[in-house]
$ cat my_file-v6.txt   # compact mmCIF, C-alpha atoms and all ligand atoms
# COMPACT_ATOMS: atom_id res chain seq x y z
CA MET F 1 9.66 9.06 47.60
CA VAL F 2 8.92 12.06 45.39
CA SER F 3 6.15 14.13 46.92
CA ARG F 4 3.15 15.04 44.83
CA ARG F 5 4.01 18.69 45.28
CA ILE F 6 7.21 18.14 43.31
CA ALA F 7 5.96 15.40 40.98
CA ILE F 8 3.16 17.43 39.42
CA PRO F 9 5.34 20.39 38.35
CA LEU F 10 7.92 17.88 37.01
CA LEU F 11 5.24 16.13 34.99
CA LEU F 12 3.98 19.45 33.66
CA ALA F 13 7.51 20.50 32.77
CA SER F 14 8.09 17.31 30.79
CA ILE F 15 4.81 17.73 28.92
CA LEU F 16 5.64 21.36 28.19
CA ALA F 17 9.13 20.40 27.05
CA ALA F 18 7.94 18.72 23.86
CA ALA F 19 7.72 21.03 20.84
CA PRO F 20 4.21 21.34 19.37
CA ALA F 21 3.19 18.73 16.80
CA PRO F 22 3.93 19.92 13.23
CA PRO F 23 0.97 21.64 11.55
CA LYS F 24 -0.61 20.27 8.34
CA SER F 25 0.31 23.40 6.41
CA LEU F 26 2.74 26.30 6.64
CA ARG F 27 2.37 28.84 9.46
CA LEU F 28 3.99 32.23 9.98
CA TYR F 29 4.26 33.80 13.41
CA VAL F 30 5.12 37.52 13.50
CA ILE F 31 6.91 38.18 16.77
CA ASP F 32 7.37 41.67 18.20
CA CYS F 33 11.12 41.97 18.82
CA GLY F 34 11.17 45.71 19.40
CA THR F 35 11.14 49.23 17.99
CA LEU F 36 13.93 51.39 16.57
CA ASP F 37 13.75 55.06 17.50
CA ILE F 38 15.69 56.32 14.46
CA PRO F 39 17.66 59.37 15.59
CA ASP F 40 18.48 60.63 12.08
CA THR F 41 16.58 59.69 8.91
CA SER F 42 19.02 61.44 6.52
CA PRO F 43 20.93 58.23 5.67
CA TYR F 44 17.67 57.05 4.06
CA GLN F 45 17.65 60.21 1.89
CA LEU F 46 14.34 61.09 3.50
CA LYS F 47 13.51 63.99 5.79
CA LYS F 48 11.43 63.31 8.87
CA GLU F 49 8.61 65.41 7.35
CA GLU F 50 8.61 63.20 4.22
CA LEU F 51 7.92 60.17 6.40
CA ALA F 52 4.50 59.21 7.71
CA GLU F 53 6.29 57.51 10.62
CA TYR F 54 9.99 57.74 11.41
CA ARG F 55 10.16 54.87 13.92
CA MET F 56 10.84 51.36 12.65
CA SER F 57 9.49 48.03 13.78
CA ALA F 58 11.96 45.21 14.34
CA PRO F 59 10.04 41.95 14.12
CA CYS F 60 11.29 38.38 14.28
CA PHE F 61 9.51 35.61 12.40
CA LEU F 62 8.97 31.96 13.19
CA ILE F 63 8.07 29.83 10.20
CA VAL F 64 6.53 26.47 11.06
CA HIS F 65 6.43 24.00 8.19
CA PRO F 66 5.08 20.43 8.38
CA LYS F 67 8.73 19.29 8.05
CA GLY F 68 10.40 21.71 10.48
CA THR F 69 10.90 25.21 11.80
CA LEU F 70 12.84 28.26 10.64
CA MET F 71 13.66 31.40 12.61
CA TRP F 72 14.02 34.48 10.37
CA ASP F 73 15.87 37.35 12.08
CA THR F 74 16.36 37.51 15.84
CA GLY F 75 15.68 41.16 16.71
CA PRO F 76 17.86 43.96 18.04
CA VAL F 77 17.74 43.48 21.82
CA PRO F 78 19.31 40.34 23.30
CA ASP F 79 17.22 38.56 25.91
CA GLY F 80 20.15 39.00 28.30
CA ASN F 81 19.50 42.77 28.38
CA PHE F 82 16.18 42.21 30.19
CA LYS F 83 16.28 42.54 33.95
CA PRO F 84 14.66 39.84 36.08
CA GLY F 85 11.12 40.85 36.95
CA GLY F 86 10.25 42.22 33.53
CA GLY F 87 9.89 45.64 31.98
CA PRO F 88 11.23 46.83 28.64
CA ALA F 89 14.90 46.52 27.69
CA GLY F 90 17.26 48.30 25.34
CA PHE F 91 20.91 49.23 25.24
CA ALA F 92 22.99 51.50 27.44
CA PRO F 93 24.11 53.89 26.14
CA ALA F 94 21.40 53.94 23.46
CA THR F 95 23.14 56.42 21.16
CA MET F 96 24.37 53.81 18.65
CA ARG F 97 21.80 51.11 19.35
CA TYR F 98 18.48 52.96 19.55
CA ALA F 99 16.23 49.95 20.16
CA THR F 100 13.80 48.89 22.84
CA SER F 101 11.86 45.68 23.27
CA THR F 102 9.06 44.88 25.69
CA ARG F 103 9.63 41.13 26.19
CA PRO F 104 12.39 38.57 25.65
CA LEU F 105 12.17 36.52 22.44
CA ALA F 106 12.48 33.22 24.36
CA SER F 107 9.38 34.06 26.39
CA ARG F 108 7.45 34.90 23.22
CA LEU F 109 8.45 31.50 21.78
CA ALA F 110 7.54 29.74 25.04
CA GLU F 111 4.08 31.25 24.77
CA ILE F 112 3.52 29.21 21.58
CA GLY F 113 5.21 26.10 22.95
CA TYR F 114 8.72 26.37 21.49
CA LYS F 115 12.13 26.51 23.10
CA PRO F 116 14.93 28.06 21.03
CA SER F 117 16.57 24.60 21.00
CA ASP F 118 13.48 23.21 19.20
CA ILE F 119 14.14 25.39 16.16
CA GLN F 120 15.66 23.52 13.24
CA TYR F 121 16.91 26.32 10.95
CA LEU F 122 18.14 29.86 11.47
CA ALA F 123 18.41 32.45 8.70
CA LEU F 124 19.20 36.15 9.11
CA SER F 125 18.25 38.63 6.42
CA HIS F 126 21.71 40.11 7.04
CA PHE F 127 24.32 40.68 9.71
CA HIS F 128 23.39 44.16 11.04
CA TRP F 129 22.91 44.54 14.82
CA ASP F 130 19.14 45.04 14.67
CA HIS F 131 18.62 41.60 13.05
CA ILE F 132 21.01 39.38 15.02
CA GLY F 133 20.36 40.23 18.69
CA ASN F 134 19.29 36.77 19.84
CA SER F 135 21.16 34.57 17.38
CA ASN F 136 23.10 32.81 20.15
CA LEU F 137 19.82 31.24 21.30
CA PHE F 138 19.70 29.32 18.01
CA ALA F 139 23.25 27.98 17.92
CA GLY F 140 21.80 24.45 17.92
CA ALA F 141 19.94 25.11 14.65
CA THR F 142 21.35 24.71 11.16
CA TRP F 143 22.42 28.18 10.04
CA LEU F 144 21.54 29.14 6.46
CA VAL F 145 23.91 31.98 5.51
CA THR F 146 25.80 33.43 2.58
CA LYS F 147 29.58 33.21 2.65
CA ALA F 148 29.68 36.99 2.09
CA ASP F 149 27.81 37.88 5.28
CA HIS F 150 29.48 35.05 7.21
CA ASN F 151 32.89 36.50 6.34
CA ILE F 152 31.91 39.95 7.66
CA MET F 153 30.40 38.49 10.83
CA PHE F 154 33.65 36.87 11.84
CA ALA F 155 36.02 39.52 10.47
CA ASP F 156 38.66 41.05 12.70
CA PRO F 157 38.20 43.87 13.54
CA PRO F 158 34.42 43.40 13.59
CA SER F 159 32.06 45.59 11.56
CA PRO F 160 30.71 48.55 13.59
CA ARG F 161 27.29 47.76 12.14
CA THR F 162 26.85 44.67 14.28
CA GLU F 163 27.31 43.22 17.76
CA PRO F 164 29.53 40.11 17.40
CA GLN F 165 28.90 38.92 20.96
CA ASN F 166 25.23 38.42 20.07
CA PHE F 167 25.99 35.76 17.42
CA SER F 168 29.38 34.42 18.56
CA ALA F 169 27.89 30.98 19.36
CA LEU F 170 27.02 30.50 15.66
CA LYS F 171 30.69 30.03 14.88
CA THR F 172 30.41 26.33 15.68
CA SER F 173 26.82 25.85 14.45
CA LYS F 174 26.06 23.45 11.65
CA THR F 175 26.24 25.83 8.68
CA VAL F 176 24.91 25.67 5.14
CA TYR F 177 26.39 28.28 2.80
CA LEU F 178 23.84 29.59 0.32
CA THR F 179 25.41 30.01 -3.09
CA ARG F 180 22.43 30.31 -5.43
CA ASP F 181 19.77 32.96 -6.04
CA GLU F 182 17.19 30.75 -4.36
CA TYR F 183 17.33 28.21 -1.55
CA ASP F 184 14.26 26.05 -1.03
CA VAL F 185 14.41 25.36 2.73
CA PHE F 186 11.97 22.44 2.99
CA GLY F 187 12.10 21.23 -0.62
CA ASP F 188 8.48 21.99 -1.56
CA LYS F 189 8.83 25.61 -2.80
CA THR F 190 6.79 27.04 0.10
CA VAL F 191 9.75 28.59 1.98
CA ILE F 192 12.43 30.09 -0.26
CA ILE F 193 15.36 32.27 0.75
CA LYS F 194 16.19 34.61 -2.12
CA ALA F 195 19.45 36.48 -2.62
CA ALA F 196 18.98 40.27 -2.63
CA PRO F 197 22.49 41.71 -2.10
CA GLY F 198 23.33 45.38 -1.73
CA HIS F 199 22.24 46.42 1.73
CA SER F 200 24.87 43.96 2.89
CA PRO F 201 26.97 41.75 0.58
CA GLY F 202 24.92 38.68 1.45
CA HIS F 203 21.54 40.31 2.16
CA GLN F 204 18.56 38.03 1.53
CA VAL F 205 14.75 38.04 1.61
CA LEU F 206 12.25 35.27 2.41
CA PHE F 207 9.39 34.07 0.21
CA LEU F 208 6.55 32.17 1.86
CA LYS F 209 3.67 30.44 0.14
CA LEU F 210 0.86 30.47 2.70
CA ARG F 211 -2.33 28.53 1.98
CA ASN F 212 -4.91 31.08 3.14
CA THR F 213 -2.90 34.31 3.25
CA GLY F 214 -1.32 33.72 -0.15
CA PRO F 215 2.30 34.41 -1.06
CA VAL F 216 4.25 36.83 1.17
CA LEU F 217 7.77 38.17 0.85
CA LEU F 218 9.61 39.27 4.00
CA SER F 219 11.81 42.17 2.91
CA GLY F 220 14.81 42.05 5.20
CA ASP F 221 16.17 45.58 4.68
CA LEU F 222 15.60 45.71 0.91
CA TYR F 223 13.52 48.73 1.99
CA HIS F 224 13.20 50.23 5.47
CA TYR F 225 10.53 52.91 5.04
CA PRO F 226 7.64 52.44 2.56
CA GLU F 227 8.57 55.92 1.22
CA GLU F 228 11.88 54.47 -0.04
CA ARG F 229 9.88 52.23 -2.34
CA LYS F 230 7.46 54.95 -3.46
CA LEU F 231 10.08 57.67 -3.99
CA HIS F 232 12.86 55.33 -5.24
CA LYS F 233 15.30 56.33 -2.50
CA ILE F 234 18.32 54.20 -1.74
CA PRO F 235 20.04 54.76 1.62
CA THR F 236 23.51 56.29 1.51
CA THR F 237 24.79 53.60 3.88
CA GLU F 238 24.24 50.60 1.60
CA PHE F 239 27.16 48.23 1.13
CA ASN F 240 26.63 48.60 -2.63
CA ALA F 241 23.87 50.93 -3.87
CA ASP F 242 24.03 49.60 -7.47
CA GLN F 243 23.52 46.07 -6.18
CA THR F 244 20.59 47.31 -4.07
CA ALA F 245 19.00 48.90 -7.14
CA ALA F 246 19.43 45.67 -9.11
CA SER F 247 18.07 43.55 -6.23
CA ARG F 248 15.07 45.86 -5.86
CA ALA F 249 14.32 45.60 -9.59
CA ALA F 250 14.62 41.80 -9.51
CA ILE F 251 12.44 41.47 -6.40
CA GLU F 252 9.79 43.87 -7.74
CA GLY F 253 9.65 41.65 -10.85
CA PHE F 254 9.35 38.57 -8.65
CA LEU F 255 6.49 40.17 -6.69
CA LYS F 256 4.65 40.88 -9.96
CA LYS F 257 5.21 37.37 -11.23
CA THR F 258 4.11 35.62 -8.03
CA GLY F 259 1.50 38.11 -6.82
CA ALA F 260 3.22 38.07 -3.42
CA GLN F 261 2.63 40.83 -0.88
CA LEU F 262 5.78 42.62 0.25
CA TRP F 263 6.02 42.94 4.01
CA ILE F 264 8.61 45.62 4.76
CA GLN F 265 9.93 44.41 8.08
CA HIS F 266 10.87 47.87 9.40
CA ASP F 267 7.56 49.50 8.25
CA TYR F 268 6.21 50.49 11.65
CA THR F 269 2.67 51.30 10.48
CA ALA F 270 2.24 48.18 8.34
CA ASN F 271 3.79 45.98 11.03
CA ALA F 272 1.44 47.39 13.68
CA LYS F 273 -1.49 46.05 11.63
CA LEU F 274 -0.13 42.51 11.40
CA LYS F 275 -1.40 39.74 13.67
CA LYS F 276 1.24 39.02 16.28
CA SER F 277 2.21 35.73 17.87
CA PRO F 278 0.50 33.78 19.45
CA GLU F 279 -1.81 34.43 16.49
CA TYR F 280 -0.39 33.32 13.13
CA TYR F 281 -0.83 33.46 9.38
CA ASP F 282 -1.38 30.25 7.43
ZN ZN F 301 17.49 46.66 9.85

$ encode --input "my_file-v6.txt" --output "structure tokens"
Amino acid sequence: MVSRRIAIPLLLASILAAAPAPPKSLRLYVIDCGTLDIPDTSPYQLKKEELAEYRMSAPCFLIVHPKGTLMWDTGPVPDGNFKPGGGPAGFAPATMRYATSTRPLASRLAEIGYKPSDIQYLALSHFHWDHIGNSNLFAGATWLVTKADHNIMFADPPSPRTEPQNFSALKTSKTVYLTRDEYDVFGDKTVIIKAAPGHSPGHQVLFLKLRNTGPVLLSGDLYHYPEERKLHKIPTTEFNADQTAASRAAIEGFLKKTGAQLWIQHDYTANAKLKKSPEYYD
């Protein structure tokens, strides 16, 4: 006979195991996935004194649509870097990977009722280390990726700009290669992945049509610092600076046309003002 002391936690666990019921309209959760303590801002063609804030935010985003869920970027610090018992985590040595995070992504998702295995789609703005840290958690999702970034992610030798062990499980994930300028994830034009190559060959941004917040565009790394946008600076480390310039022009036109707000993901000051999960935008 199962004692009550065991049965009640089991019952609770099974109730907690179900993903939340789909909402009636689109939701966007902004999840704190860490901070980048940029050691040298010169690759951005900006001096520290030209920047209001030199640190960068590194958020992850969960998009919850009535028809399913999409994870957009998975942060810099893998959950496996956290020690049992809590406390912030980063990398050792931190010279190349200058990121810290205060809590594992899986625990932030659990707080709003989701397990990584509940998530239906995964899309990364691009393959760089600070965007892919927890991708292995979402190997059961359908991965929406460009062939160009996919090729770099599984190239041998690997790119020094990423950490292949943090996305290796995606190799066998169900994969949809994005070949057009726009990919309408749920088929109702409310969640659209848009090609914006240059920062990486397959770099992309995410357009969201939120009912109350209005249209929002998540930047990926189209810009890092808001000063790049204001002063028209293109980092020296882009995969293709001409492509970046063209993508920026196209996206700025798109923002004008749609009236969407641009959320620069790495903009520390702007990100600090956003509501964070468990709160959400709708
Ligand atoms: Zn980045």

$ closest_residue --input "my_file-v6.txt" --among "F:Asp149, F:Asp32, F:Asp130, F:Asp267" --to "ligand ZN 301 (chain F)" --atoms "all atoms listed in the file"
F:Asp130

$ atom_distance --input "my_file-v6.txt" --atom1 "CA of Ser168 (chain F)" --atom2 "CA of Ala139 (chain F)"
8.9 Å

$ residues_near_point --input "my_file-v6.txt" --point "(-5.1, 31.0, -1.4)" --cutoff "12 Å" --atoms "all atoms listed in the file" --output "list in words"
Lys209, Leu210, Arg211, Asn212, Thr213, Gly214, Pro215, Val216, Gly259, Ala260, Tyr281 and Asp282 of chain F

$ closest_atom_pairs --input "my_file-v6.txt" --of "chain F" --to "ligand ZN 301 (chain F)" --cutoff "7 Å" --atoms "all atoms listed in the file" --output "Markdown table"
| residue | atom | partner | partner_atom | distance |
| --- | --- | --- | --- | --- |
| F:His128 | CA | F:ZN301 | ZN | 6.5 |
| F:Asp130 | CA | F:ZN301 | ZN | 5.3 |
| F:His131 | CA | F:ZN301 | ZN | 6.1 |
| F:Asp221 | CA | F:ZN301 | ZN | 5.4 |
| F:His266 | CA | F:ZN301 | ZN | 6.7 |

$ atom_distance --input "my_file-v6.txt" --atom1 "CA of Ala241 (chain F)" --atom2 "CA of Gly253 (chain F)"
18.4 Å

$ residues_around --input "my_file-v6.txt" --residues "Ser135 (chain F)" --least-positions-apart "3" --cutoff "9 Å" --atoms "all atoms listed in the file" --output "list of chain:residue names"
F:Asp73, F:Thr74, F:Gly75, F:Pro78, F:Leu122, F:Leu124, F:His131, F:Ile132, F:Phe138, F:Ala139, F:Asn166, F:Phe167, F:Ser168, F:Ala169, F:Leu170

$ write_last_selection --input "my_file-v6.txt" --atoms "C-alpha atoms" --output "mmCIF file, keeping the file's coordinate frame"
data_model
loop_
_atom_site.group_PDB
_atom_site.id
_atom_site.type_symbol
_atom_site.label_atom_id
_atom_site.label_comp_id
_atom_site.auth_asym_id
_atom_site.auth_seq_id
_atom_site.Cartn_x
_atom_site.Cartn_y
_atom_site.Cartn_z
ATOM 1 C CA ASP F 73 15.870 37.350 12.080
ATOM 2 C CA THR F 74 16.360 37.510 15.840
ATOM 3 C CA GLY F 75 15.680 41.160 16.710
ATOM 4 C CA PRO F 78 19.310 40.340 23.300
ATOM 5 C CA LEU F 122 18.140 29.860 11.470
ATOM 6 C CA LEU F 124 19.200 36.150 9.110
ATOM 7 C CA HIS F 131 18.620 41.600 13.050
ATOM 8 C CA ILE F 132 21.010 39.380 15.020
ATOM 9 C CA PHE F 138 19.700 29.320 18.010
ATOM 10 C CA ALA F 139 23.250 27.980 17.920
ATOM 11 C CA ASN F 166 25.230 38.420 20.070
ATOM 12 C CA PHE F 167 25.990 35.760 17.420
ATOM 13 C CA SER F 168 29.380 34.420 18.560
ATOM 14 C CA ALA F 169 27.890 30.980 19.360
ATOM 15 C CA LEU F 170 27.020 30.500 15.660
#

$ atom_distance --input "my_file-v6.txt" --atom1 "CA of Leu217 (chain F)" --atom2 "CA of Lys256 (chain F)"
11.6 Å

$ closest_residue --input "my_file-v6.txt" --among "F:Pro66, F:Pro76, F:Pro20, F:Gly220" --to "Leu36 (chain F)" --atoms "all atoms listed in the file"
F:Pro76

$ residues_around --input "my_file-v6.txt" --residues "Trp143 (chain F)" --least-positions-apart "6" --cutoff "12 Å" --atoms "only C-alpha atoms" --output "mmCIF file with C-alpha atoms, in the coordinates of the input"
data_model
loop_
_atom_site.group_PDB
_atom_site.id
_atom_site.type_symbol
_atom_site.label_atom_id
_atom_site.label_comp_id
_atom_site.auth_asym_id
_atom_site.auth_seq_id
_atom_site.Cartn_x
_atom_site.Cartn_y
_atom_site.Cartn_z
ATOM 1 C CA LEU F 70 12.840 28.260 10.640
ATOM 2 C CA MET F 71 13.660 31.400 12.610
ATOM 3 C CA TRP F 72 14.020 34.480 10.370
ATOM 4 C CA ASP F 73 15.870 37.350 12.080
ATOM 5 C CA ILE F 119 14.140 25.390 16.160
ATOM 6 C CA GLN F 120 15.660 23.520 13.240
ATOM 7 C CA TYR F 121 16.910 26.320 10.950
ATOM 8 C CA LEU F 122 18.140 29.860 11.470
ATOM 9 C CA ALA F 123 18.410 32.450 8.700
ATOM 10 C CA LEU F 124 19.200 36.150 9.110
ATOM 11 C CA SER F 125 18.250 38.630 6.420
ATOM 12 C CA SER F 135 21.160 34.570 17.380
ATOM 13 C CA ASN F 136 23.100 32.810 20.150
ATOM 14 C CA LEU F 137 19.820 31.240 21.300
ATOM 15 C CA HIS F 150 29.480 35.050 7.210
ATOM 16 C CA PHE F 167 25.990 35.760 17.420
ATOM 17 C CA ALA F 169 27.890 30.980 19.360
ATOM 18 C CA LEU F 170 27.020 30.500 15.660
ATOM 19 C CA LYS F 171 30.690 30.030 14.880
ATOM 20 C CA THR F 172 30.410 26.330 15.680
ATOM 21 C CA SER F 173 26.820 25.850 14.450
ATOM 22 C CA LYS F 174 26.060 23.450 11.650
ATOM 23 C CA THR F 175 26.240 25.830 8.680
ATOM 24 C CA VAL F 176 24.910 25.670 5.140
ATOM 25 C CA TYR F 177 26.390 28.280 2.800
ATOM 26 C CA LEU F 178 23.840 29.590 0.320
ATOM 27 C CA VAL F 185 14.410 25.360 2.730
#

$ residues_near_point --input "my_file-v6.txt" --point "(5.1, 28.4, 21.5)" --cutoff "10 Å" --atoms "only C-alpha atoms" --output "ChimeraX atom specification"
/F:16,19-20,29,62,106-116,277-278

$ residues_around --input "my_file-v6.txt" --residues "Pro23 (chain F)" --least-positions-apart "2" --cutoff "9 Å" --atoms "all atoms listed in the file" --output "NGL selection string"
:F and (20-21 or 25-27 or 64-67)

$ write_last_selection --input "my_file-v6.txt" --atoms "C-alpha atoms" --output "PDB file, in the frame of the given file"
ATOM      1  CA  PRO F  20       4.210  21.340  19.370  1.00  0.00           C
ATOM      2  CA  ALA F  21       3.190  18.730  16.800  1.00  0.00           C
ATOM      3  CA  SER F  25       0.310  23.400   6.410  1.00  0.00           C
ATOM      4  CA  LEU F  26       2.740  26.300   6.640  1.00  0.00           C
ATOM      5  CA  ARG F  27       2.370  28.840   9.460  1.00  0.00           C
ATOM      6  CA  VAL F  64       6.530  26.470  11.060  1.00  0.00           C
ATOM      7  CA  HIS F  65       6.430  24.000   8.190  1.00  0.00           C
ATOM      8  CA  PRO F  66       5.080  20.430   8.380  1.00  0.00           C
ATOM      9  CA  LYS F  67       8.730  19.290   8.050  1.00  0.00           C
TER      10      LYS F  67
END

$ closest_residue --input "my_file-v6.txt" --among "F:Lys194, F:Lys276, F:Lys83, F:His232" --to "Cys33 (chain F)" --atoms "all atoms listed in the file"
F:Lys276

$ closest_residue --input "my_file-v6.txt" --among "F:Arg97, F:Arg103, F:Lys189, F:Lys275" --to "Gly85 (chain F)" --atoms "only C-alpha atoms"
F:Arg103

$ closest_residue --input "my_file-v6.txt" --among "F:Ile63, F:Ala196, F:Ala52, F:Ala58" --to "Asn240 (chain F)" --atoms "only C-alpha atoms"
F:Ala196

$ residues_around --input "my_file-v6.txt" --residues "Leu255 (chain F)" --least-positions-apart "2" --cutoff "12 Å" --atoms "all atoms listed in the file" --output "VMD selection string"
chain F and resid 205 to 208 215 to 219 248 to 253 257 to 263

$ closest_residue --input "my_file-v6.txt" --among "F:Thr102, F:Ser57, F:Gln45, F:Thr190" --to "Gln265 (chain F)" --atoms "only C-alpha atoms"
F:Ser57

$ decode --input "my_file-v6.txt" --residues "region 243-259 of chain F" --atoms "N, CA, C and O atoms" --output "compact mmCIF listing (two decimals), in the first residue's frame"
# COMPACT_ATOMS: atom_id res chain seq x y z
N GLN F 243 26.27 42.81 -45.56
CA GLN F 243 24.98 42.13 -45.32
C GLN F 243 24.31 42.72 -44.09
O GLN F 243 23.10 42.91 -44.08
N THR F 244 25.09 42.99 -43.05
CA THR F 244 24.52 43.59 -41.84
C THR F 244 23.87 44.94 -42.17
O THR F 244 22.75 45.22 -41.74
N ALA F 245 24.59 45.76 -42.94
CA ALA F 245 24.05 47.08 -43.31
C ALA F 245 22.74 46.92 -44.07
O ALA F 245 21.76 47.64 -43.81
N ALA F 246 22.71 45.97 -45.00
CA ALA F 246 21.49 45.75 -45.79
C ALA F 246 20.36 45.22 -44.91
O ALA F 246 19.20 45.65 -45.04
N SER F 247 20.69 44.30 -43.98
CA SER F 247 19.67 43.77 -43.08
C SER F 247 19.13 44.86 -42.17
O SER F 247 17.92 44.94 -41.91
N ARG F 248 20.03 45.72 -41.66
CA ARG F 248 19.58 46.82 -40.81
C ARG F 248 18.64 47.74 -41.57
O ARG F 248 17.59 48.14 -41.05
N ALA F 249 18.99 48.07 -42.82
CA ALA F 249 18.13 48.95 -43.62
C ALA F 249 16.76 48.30 -43.83
O ALA F 249 15.72 48.96 -43.69
N ALA F 250 16.76 47.02 -44.16
CA ALA F 250 15.49 46.31 -44.41
C ALA F 250 14.65 46.26 -43.13
O ALA F 250 13.44 46.50 -43.17
N ILE F 251 15.28 45.96 -42.01
CA ILE F 251 14.53 45.84 -40.76
C ILE F 251 14.04 47.21 -40.29
O ILE F 251 12.91 47.33 -39.80
N GLU F 252 14.84 48.25 -40.46
CA GLU F 252 14.37 49.60 -40.09
C GLU F 252 13.13 49.96 -40.92
O GLU F 252 12.18 50.54 -40.40
N GLY F 253 13.13 49.59 -42.20
CA GLY F 253 11.96 49.81 -43.05
C GLY F 253 10.76 49.03 -42.55
O GLY F 253 9.63 49.54 -42.51
N PHE F 254 11.01 47.80 -42.16
CA PHE F 254 9.94 46.93 -41.63
C PHE F 254 9.36 47.52 -40.34
O PHE F 254 8.13 47.51 -40.14
N LEU F 255 10.22 48.06 -39.49
CA LEU F 255 9.75 48.67 -38.23
C LEU F 255 8.84 49.86 -38.52
O LEU F 255 7.81 50.05 -37.88
N LYS F 256 9.25 50.66 -39.51
CA LYS F 256 8.43 51.83 -39.90
C LYS F 256 7.07 51.39 -40.41
O LYS F 256 6.04 51.93 -40.04
N LYS F 257 7.11 50.38 -41.27
CA LYS F 257 5.89 49.89 -41.92
C LYS F 257 4.91 49.31 -40.89
O LYS F 257 3.70 49.53 -40.97
N THR F 258 5.44 48.55 -39.94
CA THR F 258 4.57 47.84 -39.00
C THR F 258 4.33 48.62 -37.71
O THR F 258 3.43 48.27 -36.94
N GLY F 259 5.15 49.65 -37.45
CA GLY F 259 5.05 50.36 -36.19
C GLY F 259 5.56 49.55 -35.01
O GLY F 259 5.28 49.87 -33.85
